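Quick notes on the structure that follows.
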Amino acid sequence: MKKILKDLLKKVHVLKIIGNTSKLIEGISMNSKIVKKNMIFVANKGKKRDGHQFIMEAIQKGANTIVCEKIPFRLLLHQKITYILVTDSTDSLGMISSNFYDHPTKKIKLVGITGTNGKTSVATMLHQLFYKMGEKSILISTMGIKILLEEFPTIHTTPNIIEINKYLNLSIQKKCKYAFMEVSSHGIHQKRISGLLFTGGVFTNITHDHLDYHKSFDNYLSTKRSFFSNFLHKNAFALINSDDKNSHKIIRNVLAKTYFYGVKKKADYSIKILEKNINGNKLLINGNIFFTRLIGEFNVSNLLASYATAMLLGKKEHKILKRIKTIHPIKGRFEQFLSNSEIRIIVDYAHNPYGLKTVLNTINKEMKRKNEKLICVIGCGGNRDRGKRSLMGKIVYETCDFSIFTSDNPREEDPNQILTDMKKFRSSLNKKKSAIRTILNRKEAIKTAIQIAKKKDIILIAGKGHENYQEIKGKRYPFDDMKIVKTLLLNK
């Protein structure tokens, strides 16, 4: 793809231009290491590094245009380089990317899903549902980018704005009419969604998480709220979970038409659980009864959000209901495996106190019988909110029959310190010391849980879910909880 530079600067707030704007541009990058000939290099100020320090490297790699917030005068000897001075490089990148990829969000209905928990499930359910209804769509989520059935891997929950526009443009070429995208608080705050036009937004919930980044819950809430107030125009829709106690705060200053969905509270879109068991839920929506294999009230809420979104996108109710009951469980989200010895394994992404408590309550109330034991293998991520570690440790200790604290993704931290943090809680329960075991090696921890378990017992392996790696000291090593479970159970 090639574009003229001056065309890429339309609607960009430019302070000053030094150089020629008639040149051809063949790509955009924020990373100097992957810059190629005739690309724009956008120097943005990141949390850890300032891109302005890598302008020379970008030029040496072949960049012919530099977008920056300050002109590097010592580099002006490079006469063939065009410098675009802007107030905010990250904001400008959004519009430049949109211009380069032919404004994809003007041609596709983009729905952003945000919340502490459930955004992956809702986005994935919607992609599944629309595919089953014969509608072509793209999924942009923690689990990767998926256009129809073709998958593309990603690192961040919300990819950078260049990738988003690139894949949206590709999806349009493949005749997609809908896009379902997870929108993380980091993505909102770091302006990774600048320049996108949203048809609608979905709010699932907000609980204790990411406070290492946002510093306070109020800041976290404000960031989530800004998605609805700043990115949804008056013709868009905002779909809000009425069961969340902060739902009324989310809709402040929202121009979009607001709708509510809820399992417990009265809402525009509601659902009733008629029966629940180990195999799924019997549900009632608007006089229509159907059965879903999805387990847990949290999944019922996610299913309702998907139903309501489809309705707001103009799909016929009978078509939605015909297909929504066939949606299958999502990898790493309450994913189950029953061994030959009748031990039930559940792998779940629960990595914050609310998510963990929700999953454990679902198991205890809907699956576990009195004579069965619940064993939990749990860790906490490194370089993340330390305050939630003891909260999660306490929840597991007080809820499970047996707890195994282990390593998750320690990243740059000492995994032993993380385990120590997890055990820094006080509890009124007087359990035996053996109720908690600490096993640093995650594979050994899973193996121990399987050895302890007896027929009909339930093992929850929490924290990593769909992830197929373990991140230690900047490196990612292959590690898939469910694959390891199945391998170990062959020898059980």
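Following the order of the structure tokens, first chain is A, next is B, and so on, with residues numbered from 1 inside each chain and ligands from 1 in the order they appear.
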
**Report entry** DSSP strand (DSSP E or B) residues within stretch 415-461 of chain A, listed as a ChimeraX atom specification
**Finding:** /A:436-438,458-461

Mind writing the picked residues with N, CA and C atoms as an mmCIF file, in the first residue's frame?
data_model
loop_
_atom_site.group_PDB
_atom_site.id
_atom_site.type_symbol
_atom_site.label_atom_id
_atom_site.label_comp_id
_atom_site.auth_asym_id
_atom_site.auth_seq_id
_atom_site.Cartn_x
_atom_site.Cartn_y
_atom_site.Cartn_z
ATOM 1 N N ILE A 436 -2.792 -24.895 52.706
ATOM 2 C CA ILE A 436 -2.058 -24.162 51.666
ATOM 3 C C ILE A 436 -0.708 -24.825 51.463
ATOM 4 N N ARG A 437 -0.390 -25.088 50.222
ATOM 5 C CA ARG A 437 0.936 -25.594 49.893
ATOM 6 C C ARG A 437 1.552 -24.651 48.858
ATOM 7 N N THR A 438 2.824 -24.363 48.983
ATOM 8 C CA THR A 438 3.515 -23.477 48.049
ATOM 9 C C THR A 438 4.458 -24.303 47.178
ATOM 10 N N ILE A 458 -12.874 -31.561 42.220
ATOM 11 C CA ILE A 458 -12.763 -30.509 41.204
ATOM 12 C C ILE A 458 -11.454 -29.742 41.424
ATOM 13 N N ILE A 459 -10.713 -29.547 40.351
ATOM 14 C CA ILE A 459 -9.473 -28.758 40.401
ATOM 15 C C ILE A 459 -9.663 -27.504 39.548
ATOM 16 N N LEU A 460 -9.492 -26.344 40.154
ATOM 17 C CA LEU A 460 -9.492 -25.082 39.409
ATOM 18 C C LEU A 460 -8.048 -24.627 39.234
ATOM 19 N N ILE A 461 -7.644 -24.420 37.990
ATOM 20 C CA ILE A 461 -6.319 -23.870 37.688
ATOM 21 C C ILE A 461 -6.557 -22.466 37.163
#

Query raised in the report: What are the DSSP helix (DSSP H, G or I) residues of stretch 149-223 of chain A, as JSON, numbers by chain?
Result: {"A": [161, 162, 163, 164, 165, 166, 167, 168, 169, 170, 171, 172, 173, 185, 186, 187, 188, 189, 211, 212, 213, 214, 217, 218, 219, 220, 221, 222, 223]}

Query raised in the report: Which residues, written as a ChimeraX atom specification, have at least one atom at most 12 Å from A:Phe152, with only C-alpha atoms counted and residues fewer than 6 positions away on the same chain left out?
Result: /A:138-146,159,163-164,166-167,170-171

Can I get the selected residues back with C-alpha atoms, as a PDB file, in the first residue's frame?
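Result file is part_0.pdb:
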ATOM      1  CA  ILE A 138     -13.529  -9.566  12.699  1.00  0.00           C
ATOM      2  CA  LEU A 139     -12.630 -10.225  16.346  1.00  0.00           C
ATOM      3  CA  ILE A 140      -9.892  -8.176  18.027  1.00  0.00           C
ATOM      4  CA  SER A 141      -9.235  -9.606  21.480  1.00  0.00           C
ATOM      5  CA  THR A 142      -6.743 -10.801  24.088  1.00  0.00           C
ATOM      6  CA  MET A 143      -6.789 -14.160  22.339  1.00  0.00           C
ATOM      7  CA  GLY A 144      -5.706 -12.652  19.031  1.00  0.00           C
ATOM      8  CA  ILE A 145      -7.243 -11.195  15.900  1.00  0.00           C
ATOM      9  CA  LYS A 146      -9.664 -13.382  13.995  1.00  0.00           C
ATOM     10  CA  PRO A 159      -3.204  -3.781  19.708  1.00  0.00           C
ATOM     11  CA  GLU A 163      -2.409  -2.875  13.602  1.00  0.00           C
ATOM     12  CA  ILE A 164      -6.067  -2.197  14.345  1.00  0.00           C
ATOM     13  CA  LYS A 166      -4.463  -2.636   9.144  1.00  0.00           C
ATOM     14  CA  TYR A 167      -6.587  -5.642  10.146  1.00  0.00           C
ATOM     15  CA  LEU A 170      -8.044  -6.430   5.607  1.00  0.00           C
ATOM     16  CA  SER A 171     -11.368  -7.582   7.066  1.00  0.00           C
TER      17      SER A 171
END

Query raised in the report: So what do you get for atom CA of A:Lys6 versus atom CA of A:Ser22, distance-wise?
Result: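 Pair atom CA of A:Lys6 / atom CA of A:Ser22 returns 6.1 Å.
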
Query raised in the report: Which is closer to A:Asp348 than all the others in A:Val377, A:Leu126, A:Val183, A:Ile404, using only C-alpha atoms?
Result: A:Val377

Query raised in the report: For the atom pair atom CA of A:Gly387 and atom CA of A:Lys423, what is the interatomic distance in Å to one decimal place?
Result: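 Atom CA of A:Lys423 lies at a distance of 11.9 Å from atom CA of A:Gly387.
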
Report task. Find the spatial neighbours of stretch 306-313 of chain A, counting only C-alpha atoms, within a cut-off of 10 Å - ignore same-chain residues fewer than 3 positions away - and output them as a ChimeraX atom specification. Result -> /A:109,111,121-130,178,199-202,236-239,259-261,268-270,285,300-303,316-317,319-321,324

Requested in this report: Calculate how many Å separate atom CA of A:Asp244 from atom CA of A:Phe298, rounding to one decimal.
Outcome: 11.7 Å

Query raised in the report: Leaving out A:Lys475 and any residue of its chain fewer than 6 positions from it, which residues lie within 10 Å of it when counting only C-alpha atoms, given as JSON, numbers by chain?
Result: {"A": [411, 412, 469]}

Write the residues you've just listed into a file as a PDB file, in the first residue's frame, and include N, CA and C atoms for each of them.
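The resulting file, out-v2.pdb, is shown below:
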ATOM      1  N   ARG A 411       7.251 -12.428  35.282  1.00  0.00           N
ATOM      2  CA  ARG A 411       7.863 -11.342  34.500  1.00  0.00           C
ATOM      3  C   ARG A 411       9.226 -10.992  35.098  1.00  0.00           C
ATOM      4  N   GLU A 412       9.435  -9.741  35.510  1.00  0.00           N
ATOM      5  CA  GLU A 412      10.759  -9.340  36.017  1.00  0.00           C
ATOM      6  C   GLU A 412      10.892  -9.523  37.527  1.00  0.00           C
ATOM      7  N   TYR A 469       1.930 -19.589  27.226  1.00  0.00           N
ATOM      8  CA  TYR A 469       3.317 -19.270  27.579  1.00  0.00           C
ATOM      9  C   TYR A 469       3.401 -18.896  29.056  1.00  0.00           C
TER      10      TYR A 469
END

Requested in this report: Would you mind listing what lies within 9 Å of A:Lys464 as a PyMOL selection string, with only C-alpha atoms counted and same-chain residues fewer than 5 positions away left out?
Outcome: chain A and resi 332+347-351+379+408-409+469-470+480-481

Find the spatial neighbours of A:Thr448, counting only C-alpha atoms, within a cut-off of 12 Å - ignore same-chain residues fewer than 5 positions away - and output them as a PDB file with N, CA and C atoms, in the first residue's frame.
ATOM      1  N   ILE A 375      -9.996 -28.108  44.850  1.00  0.00           N
ATOM      2  CA  ILE A 375      -8.563 -27.827  44.930  1.00  0.00           C
ATOM      3  C   ILE A 375      -8.259 -26.696  43.954  1.00  0.00           C
ATOM      4  N   CYS A 376      -7.524 -25.702  44.394  1.00  0.00           N
ATOM      5  CA  CYS A 376      -7.206 -24.568  43.500  1.00  0.00           C
ATOM      6  C   CYS A 376      -5.705 -24.394  43.349  1.00  0.00           C
ATOM      7  N   VAL A 377      -5.268 -24.278  42.092  1.00  0.00           N
ATOM      8  CA  VAL A 377      -3.877 -23.946  41.768  1.00  0.00           C
ATOM      9  C   VAL A 377      -3.897 -22.504  41.276  1.00  0.00           C
ATOM     10  N   PHE A 402      -8.432 -27.175  49.473  1.00  0.00           N
ATOM     11  CA  PHE A 402      -6.972 -27.275  49.414  1.00  0.00           C
ATOM     12  C   PHE A 402      -6.461 -26.251  48.404  1.00  0.00           C
ATOM     13  N   SER A 403      -5.429 -25.496  48.772  1.00  0.00           N
ATOM     14  CA  SER A 403      -4.892 -24.440  47.906  1.00  0.00           C
ATOM     15  C   SER A 403      -3.418 -24.683  47.605  1.00  0.00           C
ATOM     16  N   ILE A 404      -3.058 -24.508  46.342  1.00  0.00           N
ATOM     17  CA  ILE A 404      -1.650 -24.604  45.951  1.00  0.00           C
ATOM     18  C   ILE A 404      -1.266 -23.281  45.307  1.00  0.00           C
ATOM     19  N   PHE A 405      -0.410 -22.515  45.994  1.00  0.00           N
ATOM     20  CA  PHE A 405       0.077 -21.249  45.469  1.00  0.00           C
ATOM     21  C   PHE A 405       1.312 -21.535  44.620  1.00  0.00           C
ATOM     22  N   THR A 406       1.314 -20.979  43.408  1.00  0.00           N
ATOM     23  CA  THR A 406       2.404 -21.278  42.473  1.00  0.00           C
ATOM     24  C   THR A 406       2.736 -20.053  41.639  1.00  0.00           C
ATOM     25  N   ARG A 437      -0.390 -25.088  50.222  1.00  0.00           N
ATOM     26  CA  ARG A 437       0.936 -25.594  49.893  1.00  0.00           C
ATOM     27  C   ARG A 437       1.552 -24.651  48.858  1.00  0.00           C
ATOM     28  N   THR A 438       2.824 -24.363  48.983  1.00  0.00           N
ATOM     29  CA  THR A 438       3.515 -23.477  48.049  1.00  0.00           C
ATOM     30  C   THR A 438       4.458 -24.303  47.178  1.00  0.00           C
ATOM     31  N   ILE A 439       4.199 -24.296  45.872  1.00  0.00           N
ATOM     32  CA  ILE A 439       5.045 -25.024  44.914  1.00  0.00           C
ATOM     33  C   ILE A 439       5.373 -24.064  43.771  1.00  0.00           C
ATOM     34  N   LEU A 440       6.606 -23.617  43.726  1.00  0.00           N
ATOM     35  CA  LEU A 440       7.005 -22.580  42.772  1.00  0.00           C
ATOM     36  C   LEU A 440       6.804 -23.010  41.323  1.00  0.00           C
ATOM     37  N   ASN A 441       7.199 -24.226  40.974  1.00  0.00           N
ATOM     38  CA  ASN A 441       7.103 -24.727  39.606  1.00  0.00           C
ATOM     39  C   ASN A 441       5.632 -25.011  39.273  1.00  0.00           C
ATOM     40  N   ARG A 442       5.097 -24.326  38.300  1.00  0.00           N
ATOM     41  CA  ARG A 442       3.663 -24.430  38.002  1.00  0.00           C
ATOM     42  C   ARG A 442       3.267 -25.830  37.540  1.00  0.00           C
ATOM     43  N   LYS A 443       4.116 -26.460  36.741  1.00  0.00           N
ATOM     44  CA  LYS A 443       3.803 -27.810  36.284  1.00  0.00           C
ATOM     45  C   LYS A 443       3.742 -28.773  37.469  1.00  0.00           C
ATOM     46  N   ALA A 453      -6.122 -35.143  44.150  1.00  0.00           N
ATOM     47  CA  ALA A 453      -7.534 -35.288  43.795  1.00  0.00           C
ATOM     48  C   ALA A 453      -7.975 -36.747  43.731  1.00  0.00           C
ATOM     49  N   LYS A 454      -9.214 -36.947  44.154  1.00  0.00           N
ATOM     50  CA  LYS A 454      -9.849 -38.262  44.080  1.00  0.00           C
ATOM     51  C   LYS A 454     -11.081 -38.154  43.184  1.00  0.00           C
ATOM     52  N   ILE A 459     -10.713 -29.547  40.351  1.00  0.00           N
ATOM     53  CA  ILE A 459      -9.473 -28.758  40.401  1.00  0.00           C
ATOM     54  C   ILE A 459      -9.663 -27.504  39.548  1.00  0.00           C
ATOM     55  N   ILE A 461      -7.644 -24.420  37.990  1.00  0.00           N
ATOM     56  CA  ILE A 461      -6.319 -23.870  37.688  1.00  0.00           C
ATOM     57  C   ILE A 461      -6.557 -22.466  37.163  1.00  0.00           C
ATOM     58  N   VAL A 485      -2.366 -30.444  31.829  1.00  0.00           N
ATOM     59  CA  VAL A 485      -3.364 -31.250  32.546  1.00  0.00           C
ATOM     60  C   VAL A 485      -3.618 -32.565  31.815  1.00  0.00           C
ATOM     61  N   LEU A 488      -0.596 -34.956  31.943  1.00  0.00           N
ATOM     62  CA  LEU A 488      -0.414 -35.552  33.270  1.00  0.00           C
ATOM     63  C   LEU A 488      -1.500 -36.592  33.577  1.00  0.00           C
ATOM     64  N   LEU A 489      -2.719 -36.334  33.123  1.00  0.00           N
ATOM     65  CA  LEU A 489      -3.815 -37.250  33.413  1.00  0.00           C
ATOM     66  C   LEU A 489      -3.720 -38.561  32.643  1.00  0.00           C
ATOM     67  N   LYS A 492      -2.277 -40.773  35.050  1.00  0.00           N
ATOM     68  CA  LYS A 492      -2.992 -40.864  36.336  1.00  0.00           C
ATOM     69  C   LYS A 492      -3.672 -42.214  36.459  1.00  0.00           C
TER      70      LYS A 492
END

Would you write out, as a Markdown table, a table of all residues in stretch 127-235 of chain A that have an atom no more than 12 Å from an atom of stretch 28-42 of chain A, listing for each the closest atom pair and the distance in Å to one decimal, considering only C-alpha atoms and ordering rows by chain and rising residue number?
| residue | atom | partner | partner_atom | distance |
| --- | --- | --- | --- | --- |
| A:Asn160 | CA | A:Met30 | CA | 9.2 |
| A:Ile161 | CA | A:Met30 | CA | 10.1 |
| A:Ile162 | CA | A:Ile28 | CA | 7.3 |
| A:Glu163 | CA | A:Ser29 | CA | 9.9 |
| A:Asn165 | CA | A:Ile28 | CA | 11.2 |
| A:Lys166 | CA | A:Ile28 | CA | 10.4 |
| A:Arg192 | CA | A:Met30 | CA | 11.9 |

Could I get the residues of stretch 220-282 of chain A with an atom no further than 12 Å from an atom of stretch 116-120 of chain A, each paired with its nearest atom pair and that distance in Å to one decimal, using only C-alpha atoms, sorted by chain and residue number, as JSON lines?
{"residue": "A:Tyr220", "atom": "CA", "partner": "A:Thr116", "partner_atom": "CA", "distance": 9.9}
{"residue": "A:Leu221", "atom": "CA", "partner": "A:Thr116", "partner_atom": "CA", "distance": 10.2}
{"residue": "A:Thr223", "atom": "CA", "partner": "A:Thr116", "partner_atom": "CA", "distance": 11.9}
{"residue": "A:Lys224", "atom": "CA", "partner": "A:Thr116", "partner_atom": "CA", "distance": 9.4}
{"residue": "A:Asn241", "atom": "CA", "partner": "A:Gly118", "partner_atom": "CA", "distance": 11.0}
{"residue": "A:Asp244", "atom": "CA", "partner": "A:Thr116", "partner_atom": "CA", "distance": 11.1}
